[in-house]
$ cat query.cif   # mmCIF, C-alpha atoms
data_my_file
#
loop_
_atom_site.group_PDB
_atom_site.id
_atom_site.type_symbol
_atom_site.label_atom_id
_atom_site.label_comp_id
_atom_site.auth_asym_id
_atom_site.auth_seq_id
_atom_site.Cartn_x
_atom_site.Cartn_y
_atom_site.Cartn_z
ATOM 1 C CA MET W 1 -26.847 -3.473 -18.853
ATOM 2 C CA THR W 2 -26.518 -6.125 -21.501
ATOM 3 C CA ALA W 3 -24.979 -9.520 -20.857
ATOM 4 C CA GLU W 4 -21.772 -8.492 -22.615
ATOM 5 C CA GLN W 5 -21.353 -5.479 -20.377
ATOM 6 C CA ILE W 6 -21.891 -7.604 -17.272
ATOM 7 C CA PHE W 7 -19.178 -9.994 -18.500
ATOM 8 C CA PHE W 8 -16.899 -7.029 -19.193
ATOM 9 C CA VAL W 9 -17.329 -5.696 -15.656
ATOM 10 C CA MET W 10 -16.704 -9.147 -14.152
ATOM 11 C CA PHE W 11 -13.539 -9.709 -16.203
ATOM 12 C CA ALA W 12 -12.344 -6.147 -15.543
ATOM 13 C CA LEU W 13 -12.778 -6.511 -11.782
ATOM 14 C CA GLY W 14 -10.915 -9.831 -11.908
ATOM 15 C CA ALA W 15 -8.047 -8.415 -13.956
ATOM 16 C CA VAL W 16 -7.650 -5.273 -11.840
ATOM 17 C CA GLY W 17 -7.934 -7.297 -8.621
ATOM 18 C CA GLY W 18 -5.308 -9.769 -9.803
ATOM 19 C CA CYS W 19 -2.915 -6.978 -10.751
ATOM 20 C CA LEU W 20 -3.460 -5.226 -7.399
ATOM 21 C CA GLY W 21 -2.724 -8.562 -5.724
ATOM 22 C CA VAL W 22 0.665 -8.598 -7.464
ATOM 23 C CA LEU W 23 1.492 -5.243 -5.861
ATOM 24 C CA ALA W 24 -0.030 -5.929 -2.466
ATOM 25 C CA SER W 25 1.306 -9.339 -1.519
ATOM 26 C CA ARG W 26 4.681 -9.453 0.189
ATOM 27 C CA ASN W 27 5.484 -13.021 -0.828
ATOM 28 C CA PRO W 28 6.543 -13.123 -4.525
ATOM 29 C CA VAL W 29 4.919 -16.552 -4.999
ATOM 30 C CA ASN W 30 1.527 -15.028 -4.130
ATOM 31 C CA SER W 31 2.265 -12.196 -6.581
ATOM 32 C CA ALA W 32 2.939 -14.733 -9.335
ATOM 33 C CA LEU W 33 -0.288 -16.619 -8.640
ATOM 34 C CA SER W 34 -2.415 -13.441 -8.672
ATOM 35 C CA LEU W 35 -0.750 -12.506 -11.958
ATOM 36 C CA VAL W 36 -1.858 -15.870 -13.417
ATOM 37 C CA VAL W 37 -5.431 -15.053 -12.309
ATOM 38 C CA ALA W 38 -5.197 -11.620 -13.980
ATOM 39 C CA PHE W 39 -3.961 -13.219 -17.220
ATOM 40 C CA PHE W 40 -6.931 -15.598 -17.271
ATOM 41 C CA PHE W 41 -9.365 -12.681 -16.896
ATOM 42 C CA LEU W 42 -7.560 -10.788 -19.677
ATOM 43 C CA ALA W 43 -8.003 -13.851 -21.891
ATOM 44 C CA GLY W 44 -11.737 -13.485 -21.188
ATOM 45 C CA HIS W 45 -11.563 -9.910 -22.497
ATOM 46 C CA TYR W 46 -9.872 -11.163 -25.657
ATOM 47 C CA VAL W 47 -12.745 -13.611 -26.200
ATOM 48 C CA LEU W 48 -15.216 -10.728 -25.819
ATOM 49 C CA LEU W 49 -13.244 -8.882 -28.516
ATOM 50 C CA GLN W 50 -13.447 -11.904 -30.861
ATOM 51 C CA ALA W 51 -9.699 -12.512 -30.581
ATOM 52 C CA HIS W 52 -10.031 -16.237 -29.920
ATOM 53 C CA PHE W 53 -6.560 -17.171 -31.137
ATOM 54 C CA LEU W 54 -4.953 -14.499 -28.957
ATOM 55 C CA ALA W 55 -7.029 -15.657 -25.960
ATOM 56 C CA ILE W 56 -5.724 -19.216 -26.294
ATOM 57 C CA LEU W 57 -2.203 -17.882 -26.806
ATOM 58 C CA GLN W 58 -2.544 -15.709 -23.702
ATOM 59 C CA ILE W 59 -3.386 -18.757 -21.596
ATOM 60 C CA LEU W 60 -0.801 -21.059 -23.205
ATOM 61 C CA VAL W 61 2.151 -18.685 -23.405
ATOM 62 C CA TYR W 62 1.541 -16.173 -20.611
ATOM 63 C CA ALA W 63 -0.321 -18.095 -17.910
ATOM 64 C CA GLY W 64 1.404 -21.324 -18.932
ATOM 65 C CA ALA W 65 4.969 -20.867 -20.097
ATOM 66 C CA ILE W 66 6.082 -17.448 -18.825
ATOM 67 C CA MET W 67 4.540 -17.756 -15.360
ATOM 68 C CA VAL W 68 5.961 -21.271 -14.956
ATOM 69 C CA VAL W 69 9.423 -19.789 -15.589
ATOM 70 C CA PHE W 70 8.729 -17.097 -12.958
ATOM 71 C CA ILE W 71 7.557 -19.591 -10.346
ATOM 72 C CA PHE W 72 10.441 -21.927 -11.193
ATOM 73 C CA VAL W 73 12.965 -19.139 -10.562
ATOM 74 C CA LEU W 74 11.197 -18.176 -7.313
ATOM 75 C CA MET W 75 11.462 -21.758 -6.086
ATOM 76 C CA LEU W 76 15.066 -22.039 -7.279
ATOM 77 C CA LEU W 77 16.096 -18.927 -5.327
ATOM 78 C CA ASN W 78 13.945 -19.868 -2.297
ATOM 79 C CA LEU W 79 14.053 -16.316 -0.898
ATOM 80 C CA HIS W 80 13.886 -15.656 2.826
ATOM 81 C CA ASP W 81 12.682 -12.497 4.496
ATOM 82 C CA ASP W 82 16.162 -11.032 5.021
ATOM 83 C CA GLU W 83 16.991 -11.542 1.331
ATOM 84 C CA LEU W 84 13.825 -9.771 0.217
ATOM 85 C CA GLY W 85 15.079 -6.541 1.806
ATOM 86 C CA LYS W 86 13.175 -4.025 3.865
ATOM 87 C CA ALA W 87 10.246 -2.143 2.390
ATOM 88 C CA ARG W 88 11.334 1.468 2.573
ATOM 89 C CA VAL W 89 9.251 4.554 1.937
ATOM 90 C CA ASN W 90 11.390 7.495 0.883
ATOM 91 C CA ALA W 91 10.842 10.816 -0.866
ATOM 92 C CA THR W 92 11.819 9.504 -4.290
ATOM 93 C CA LYS W 93 9.257 6.729 -4.073
ATOM 94 C CA VAL W 94 6.446 9.076 -3.000
ATOM 95 C CA LEU W 95 7.356 11.508 -5.768
ATOM 96 C CA SER W 96 7.426 8.751 -8.407
ATOM 97 C CA VAL W 97 4.023 7.437 -7.303
ATOM 98 C CA PHE W 98 2.687 11.008 -7.568
ATOM 99 C CA VAL W 99 4.090 11.423 -11.102
ATOM 100 C CA THR W 100 2.643 8.040 -12.105
ATOM 101 C CA GLY W 101 -0.728 9.135 -10.707
ATOM 102 C CA VAL W 102 -0.663 12.270 -12.872
ATOM 103 C CA LEU W 103 0.167 10.120 -15.902
ATOM 104 C CA ALA W 104 -2.699 7.796 -15.007
ATOM 105 C CA THR W 105 -5.161 10.684 -14.773
ATOM 106 C CA VAL W 106 -4.166 11.852 -18.253
ATOM 107 C CA LEU W 107 -4.438 8.323 -19.683
ATOM 108 C CA VAL W 108 -7.837 7.614 -18.133
ATOM 109 C CA SER W 109 -9.311 10.987 -19.102
ATOM 110 C CA VAL W 110 -8.131 10.586 -22.718
ATOM 111 C CA SER W 111 -9.625 7.083 -22.785
ATOM 112 C CA LEU W 112 -12.950 8.286 -21.420
ATOM 113 C CA ASP W 113 -13.025 11.110 -23.995
ATOM 114 C CA PHE W 114 -13.252 8.482 -26.705
ATOM 115 C CA ARG W 115 -16.977 8.410 -26.024
ATOM 116 C CA ASP W 116 -17.412 11.977 -27.188
ATOM 117 C CA GLY W 117 -16.885 14.000 -30.332
ATOM 118 C CA ALA W 118 -15.525 12.765 -33.602
ATOM 119 C CA MET W 119 -14.573 9.322 -32.331
ATOM 120 C CA GLN W 120 -18.227 8.328 -31.900
ATOM 121 C CA LEU W 121 -18.016 5.789 -34.705
ATOM 122 C CA GLY W 122 -19.448 2.700 -33.086
ATOM 123 C CA TRP W 123 -18.312 -0.869 -33.615
ATOM 124 C CA PRO W 124 -18.515 -2.375 -37.092
ATOM 125 C CA SER W 125 -21.673 -4.462 -37.091
ATOM 126 C CA VAL W 126 -21.005 -6.774 -40.038
ATOM 127 C CA ILE W 127 -18.324 -9.140 -38.928
ATOM 128 C CA ASP W 128 -16.507 -11.870 -40.764
ATOM 129 C CA SER W 129 -17.188 -15.066 -38.836
ATOM 130 C CA GLU W 130 -13.512 -16.009 -39.204
ATOM 131 C CA PHE W 131 -12.245 -12.763 -37.639
ATOM 132 C CA GLY W 132 -9.583 -13.385 -35.017
ATOM 133 C CA GLN W 133 -9.256 -17.072 -35.770
ATOM 134 C CA ILE W 134 -6.125 -18.906 -36.734
ATOM 135 C CA HIS W 135 -6.648 -19.042 -40.520
ATOM 136 C CA PRO W 136 -6.824 -15.308 -41.403
ATOM 137 C CA ILE W 137 -4.159 -14.454 -38.822
ATOM 138 C CA GLY W 138 -1.846 -17.105 -40.255
ATOM 139 C CA MET W 139 -2.479 -15.905 -43.807
ATOM 140 C CA GLU W 140 -1.602 -12.336 -42.887
ATOM 141 C CA LEU W 141 1.396 -13.418 -40.816
ATOM 142 C CA MET W 142 2.856 -15.352 -43.716
ATOM 143 C CA THR W 143 2.253 -12.671 -46.366
ATOM 144 C CA THR W 144 2.365 -9.057 -45.130
ATOM 145 C CA TRP W 145 4.186 -9.697 -41.882
ATOM 146 C CA VAL W 146 6.637 -12.391 -42.907
ATOM 147 C CA LEU W 147 9.784 -10.314 -42.198
ATOM 148 C CA PRO W 148 8.795 -9.385 -38.593
ATOM 149 C CA PHE W 149 7.785 -13.020 -38.085
ATOM 150 C CA GLU W 150 11.240 -14.253 -39.091
ATOM 151 C CA LEU W 151 12.914 -11.535 -37.008
ATOM 152 C CA VAL W 152 10.914 -12.628 -33.943
ATOM 153 C CA SER W 153 12.056 -16.208 -34.468
ATOM 154 C CA ILE W 154 15.680 -15.000 -34.545
ATOM 155 C CA LEU W 155 14.997 -12.954 -31.384
ATOM 156 C CA LEU W 156 13.662 -16.045 -29.611
ATOM 157 C CA LEU W 157 16.719 -18.056 -30.706
ATOM 158 C CA VAL W 158 19.038 -15.340 -29.358
ATOM 159 C CA GLY W 159 16.951 -15.324 -26.156
ATOM 160 C CA ILE W 160 17.347 -19.083 -25.663
ATOM 161 C CA VAL W 161 21.119 -19.013 -26.242
ATOM 162 C CA SER W 162 21.742 -15.951 -24.080
ATOM 163 C CA ALA W 163 19.594 -17.263 -21.216
ATOM 164 C CA VAL W 164 21.739 -20.404 -21.131
ATOM 165 C CA VAL W 165 24.980 -18.399 -21.384
ATOM 166 C CA VAL W 166 23.991 -15.936 -18.644
ATOM 167 C CA ALA W 167 22.660 -18.521 -16.181
ATOM 168 C CA LYS W 168 25.502 -21.009 -16.536
ATOM 169 C CA LYS W 169 28.157 -20.898 -13.818
ATOM 170 C CA ARG W 170 31.006 -21.266 -16.312
ATOM 171 C CA LEU W 171 30.985 -21.971 -20.001
ATOM 172 C CA MET V 20 -22.280 -6.541 -32.636
ATOM 173 C CA THR V 21 -20.855 -5.646 -29.330
ATOM 174 C CA THR V 22 -22.502 -3.259 -26.902
ATOM 175 C CA ILE V 23 -19.382 -2.392 -24.911
ATOM 176 C CA PRO V 24 -18.031 1.109 -25.641
ATOM 177 C CA LEU V 25 -14.443 1.244 -26.864
ATOM 178 C CA SER V 26 -13.675 3.745 -24.101
ATOM 179 C CA TRP V 27 -14.279 1.034 -21.471
ATOM 180 C CA TYR V 28 -11.510 -1.096 -22.927
ATOM 181 C CA LEU V 29 -9.155 1.879 -23.216
ATOM 182 C CA THR V 30 -9.872 2.912 -19.620
ATOM 183 C CA LEU V 31 -9.268 -0.616 -18.357
ATOM 184 C CA SER V 32 -6.033 -0.706 -20.335
ATOM 185 C CA ALA V 33 -4.960 2.640 -18.828
ATOM 186 C CA VAL V 34 -5.788 1.442 -15.298
ATOM 187 C CA LEU V 35 -3.816 -1.801 -15.746
ATOM 188 C CA PHE V 36 -0.869 0.118 -17.232
ATOM 189 C CA THR V 37 -0.896 2.465 -14.243
ATOM 190 C CA ILE V 38 -0.975 -0.425 -11.771
ATOM 191 C CA GLY V 39 2.057 -1.891 -13.538
ATOM 192 C CA ALA V 40 3.885 1.453 -13.535
ATOM 193 C CA ILE V 41 3.202 2.031 -9.831
ATOM 194 C CA GLY V 42 4.497 -1.481 -9.146
ATOM 195 C CA VAL V 43 7.710 -0.759 -11.051
ATOM 196 C CA VAL V 44 8.402 2.412 -9.041
ATOM 197 C CA THR V 45 7.410 1.052 -5.610
ATOM 198 C CA ARG V 46 8.355 -2.638 -5.421
ATOM 199 C CA ARG V 47 12.058 -3.416 -4.965
ATOM 200 C CA ASN V 48 12.058 -7.174 -5.548
ATOM 201 C CA ALA V 49 13.515 -7.715 -9.027
ATOM 202 C CA ILE V 50 11.179 -10.633 -9.840
ATOM 203 C CA VAL V 51 8.050 -8.681 -8.843
ATOM 204 C CA LEU V 52 9.421 -5.809 -10.948
ATOM 205 C CA PHE V 53 9.435 -8.146 -13.949
ATOM 206 C CA MET V 54 5.845 -9.189 -13.213
ATOM 207 C CA CYS V 55 4.820 -5.508 -13.199
ATOM 208 C CA ILE V 56 6.449 -5.060 -16.609
ATOM 209 C CA GLU V 57 4.388 -8.028 -17.825
ATOM 210 C CA ILE V 58 1.235 -6.273 -16.531
ATOM 211 C CA MET V 59 2.145 -3.157 -18.541
ATOM 212 C CA LEU V 60 2.761 -5.221 -21.690
ATOM 213 C CA ASN V 61 -0.614 -6.906 -21.233
ATOM 214 C CA ALA V 62 -2.380 -3.559 -20.809
ATOM 215 C CA VAL V 63 -0.954 -2.432 -24.145
ATOM 216 C CA ASN V 64 -1.959 -5.743 -25.741
ATOM 217 C CA LEU V 65 -5.535 -5.193 -24.573
ATOM 218 C CA SER V 66 -5.790 -1.804 -26.267
ATOM 219 C CA PHE V 67 -4.168 -3.203 -29.434
ATOM 220 C CA ILE V 68 -6.789 -5.937 -29.608
ATOM 221 C CA ALA V 69 -9.654 -3.535 -28.815
ATOM 222 C CA PHE V 70 -8.589 -1.228 -31.662
ATOM 223 C CA SER V 71 -8.096 -4.262 -33.886
ATOM 224 C CA ARG V 72 -11.725 -5.270 -33.329
ATOM 225 C CA PHE V 73 -12.849 -1.648 -33.669
ATOM 226 C CA HIS V 74 -11.314 -1.351 -37.152
ATOM 227 C CA LEU V 75 -11.859 -5.027 -38.111
ATOM 228 C CA ASP V 76 -8.182 -5.308 -38.945
ATOM 229 C CA HIS V 77 -5.815 -8.088 -37.928
ATOM 230 C CA GLY V 78 -2.816 -5.785 -37.477
ATOM 231 C CA GLY V 79 -3.404 -5.381 -33.753
ATOM 232 C CA HIS V 80 -3.610 -9.150 -33.259
ATOM 233 C CA LEU V 81 -0.305 -9.632 -35.048
ATOM 234 C CA PHE V 82 1.331 -6.858 -33.047
ATOM 235 C CA SER V 83 0.126 -8.495 -29.826
ATOM 236 C CA LEU V 84 1.651 -11.746 -31.077
ATOM 237 C CA MET V 85 4.999 -9.967 -31.470
ATOM 238 C CA VAL V 86 4.647 -8.410 -28.001
ATOM 239 C CA ILE V 87 4.001 -11.850 -26.473
ATOM 240 C CA ALA V 88 7.095 -13.270 -28.214
ATOM 241 C CA VAL V 89 9.253 -10.362 -27.015
ATOM 242 C CA ALA V 90 7.848 -10.758 -23.488
ATOM 243 C CA ALA V 91 8.788 -14.447 -23.519
ATOM 244 C CA ALA V 92 12.365 -13.672 -24.597
ATOM 245 C CA GLU V 93 12.577 -10.860 -22.041
ATOM 246 C CA ALA V 94 11.345 -13.079 -19.204
ATOM 247 C CA GLY V 95 13.865 -15.790 -20.094
ATOM 248 C CA ILE V 96 16.904 -13.501 -20.248
ATOM 249 C CA GLY V 97 15.793 -11.303 -17.331
ATOM 250 C CA LEU V 98 15.262 -14.219 -14.989
ATOM 251 C CA ALA V 99 18.637 -15.682 -15.990
ATOM 252 C CA LEU V 100 20.196 -12.323 -15.078
ATOM 253 C CA ILE V 101 18.368 -12.315 -11.723
ATOM 254 C CA VAL V 102 19.611 -15.834 -10.946
ATOM 255 C CA ASN V 103 23.152 -14.686 -11.734
ATOM 256 C CA VAL V 104 22.842 -11.538 -9.588
ATOM 257 C CA PHE V 105 21.485 -13.621 -6.701
ATOM 258 C CA ARG V 106 24.405 -16.002 -7.019
ATOM 259 C CA HIS V 107 26.903 -13.144 -6.610
ATOM 260 C CA ARG V 108 25.132 -10.801 -4.157
ATOM 261 C CA ARG V 109 22.701 -13.088 -2.256
ATOM 262 C CA THR V 110 19.883 -10.572 -2.816
ATOM 263 C CA VAL V 111 17.262 -9.722 -5.445
ATOM 264 C CA ASN V 112 16.544 -6.270 -3.982
ATOM 265 C CA VAL V 113 17.307 -3.766 -6.742
ATOM 266 C CA ASP V 114 18.256 -1.077 -4.168
ATOM 267 C CA GLU V 115 21.102 -3.228 -2.882
ATOM 268 C CA VAL V 116 22.475 -4.022 -6.339
ATOM 269 C CA ASN V 117 24.251 -0.662 -6.693
ATOM 270 C CA LEU V 118 27.894 -1.361 -7.606
ATOM 271 C CA LEU V 119 27.727 1.026 -10.568
ATOM 272 C CA ARG V 120 26.545 3.869 -8.313
ATOM 273 C CA GLN V 121 29.350 3.717 -5.772
#
$ encode --input "query.cif" --output "structure tokens"
Amino acid sequence: MTAEQIFFVMFALGAVGGCLGVLASRNPVNSALSLVVAFFFLAGHYVLLQAHFLAILQILVYAGAIMVVFIFVLMLLNLHDDELGKARVNATKVLSVFVTGVLATVLVSVSLDFRDGAMQLGWPSVIDSEFGQIHPIGMELMTTWVLPFELVSILLLVGIVSAVVVAKKRL
Amino acid sequence: MTTIPLSWYLTLSAVLFTIGAIGVVTRRNAIVLFMCIEIMLNAVNLSFIAFSRFHLDHGGHLFSLMVIAVAAAEAGIGLALIVNVFRHRRTVNVDEVNLLRQ
């Protein structure tokens, strides 16, 4: 195993463990904290893939901003056990987990098949030293992708306004 | 030159997506439900970035950027909705918020 593969396995175990922690813990605050851990490990994967800008963004926006909003709402609501509701196991739930498991088997087997056959291309070896950094991404964002960029800014504006409108007691 | 096969990244992405999907169908707390949706979005982001590196093309990075922006907007509006639902019903359990079903 090369050093990169060892790092991959470490980050993968961290990410999967963090995500399982979200499902397993009964207290939502613990779920939020394990999700932050998983996001940090995913940022490590992005660094391995030479997506440095996205890795920083993952930590700033996801682990920073979005999770702070989650934890803020959890503290605002201050849920007690009776408000969390009982954990029920019914037929629908078992059936949906089964269907999701089938979907997962298909996804994983397709992913593993990438090793074989025509997709055996290998990674490009010659790499631009600027790949994944802020300059080429910004250039492309402001030329080819300028319309989606502007649409996303409108979406965020609508999000801000509607969050205020929805959460306010009366306008 | 990386020595990690692309299939490893795709498998990890599939596993994370499945964990998120199982969380969405099993957990009933609306806030944890939102966290599971974030896990699924991140799994997709990971495969976008892996393919982006595989083809040496920035398209995947930019798409992940859009996904992150949409996730931020979604978290803001969704949590505002949850706060509002809690104010009216005193619960965040999605099984008990069933006025439309009655």
$ interface_residues --input "query.cif" --of "chain V" --to "chain W" --cutoff "6 Å" --atoms "all atoms listed in the file" --output "list of chain:residue names"
V:Met20, V:Ile23, V:Ser26, V:Leu29, V:Thr30, V:Ala33, V:Thr37, V:Gly42, V:Phe73, V:Ala92, V:Ile96, V:Ala99, V:Asn103, V:Thr110, V:Asn112
$ atom_distance --input "query.cif" --atom1 "atom CA of Ile50 of chain V" --atom2 "atom CA of Tyr28 of chain V"
27.9 Å
$ atom_distance --input "query.cif" --atom1 "atom CA of Phe36 of chain V" --atom2 "atom CA of Met59 of chain V"
4.6 Å
$ residues_around --input "query.cif" --residues "Ala90 of chain V" --least-positions-apart "4" --cutoff "8 Å" --atoms "only C-alpha atoms" --output "number ranges by chain"
V: 57, 60, 86, 94
$ resolve_selection --input "query.cif" --expression "the PyMOL selection byres ((chain V and resi 114) around 9)" --output "VMD selection string"
(chain W and resid 85) or (chain V and resid 47 to 48 111 to 113 115 to 117)
$ write_last_selection --input "query.cif" --atoms "C-alpha atoms" --output "short mmCIF file (atom, residue, chain, number, x, y, z; two decimals), in the frame of the given file"
data_model
loop_
_atom_site.label_atom_id
_atom_site.label_comp_id
_atom_site.auth_asym_id
_atom_site.auth_seq_id
_atom_site.Cartn_x
_atom_site.Cartn_y
_atom_site.Cartn_z
CA GLY W 85 15.08 -6.54 1.81
CA ARG V 47 12.06 -3.42 -4.96
CA ASN V 48 12.06 -7.17 -5.55
CA VAL V 111 17.26 -9.72 -5.44
CA ASN V 112 16.54 -6.27 -3.98
CA VAL V 113 17.31 -3.77 -6.74
CA GLU V 115 21.10 -3.23 -2.88
CA VAL V 116 22.48 -4.02 -6.34
CA ASN V 117 24.25 -0.66 -6.69
#
$ atom_distance --input "query.cif" --atom1 "atom CA of Leu52 of chain V" --atom2 "atom CA of Ala40 of chain V"
9.5 Å
$ closest_residue --input "query.cif" --among "V:Pro24, V:Phe105, V:Gly39, V:Ile87" --to "Ala69 of chain V" --atoms "only C-alpha atoms"
V:Pro24
$ closest_residue --input "query.cif" --among "W:Ala91, W:Val47, W:Met142, W:Ile59" --to "Thr45 of chain V" --atoms "all atoms listed in the file"
W:Ala91
$ closest_residue --input "query.cif" --among "V:Leu81, V:Leu98, V:Ile38, V:Val89" --to "Ile134 of chain W" --atoms "all atoms listed in the file"
V:Leu81
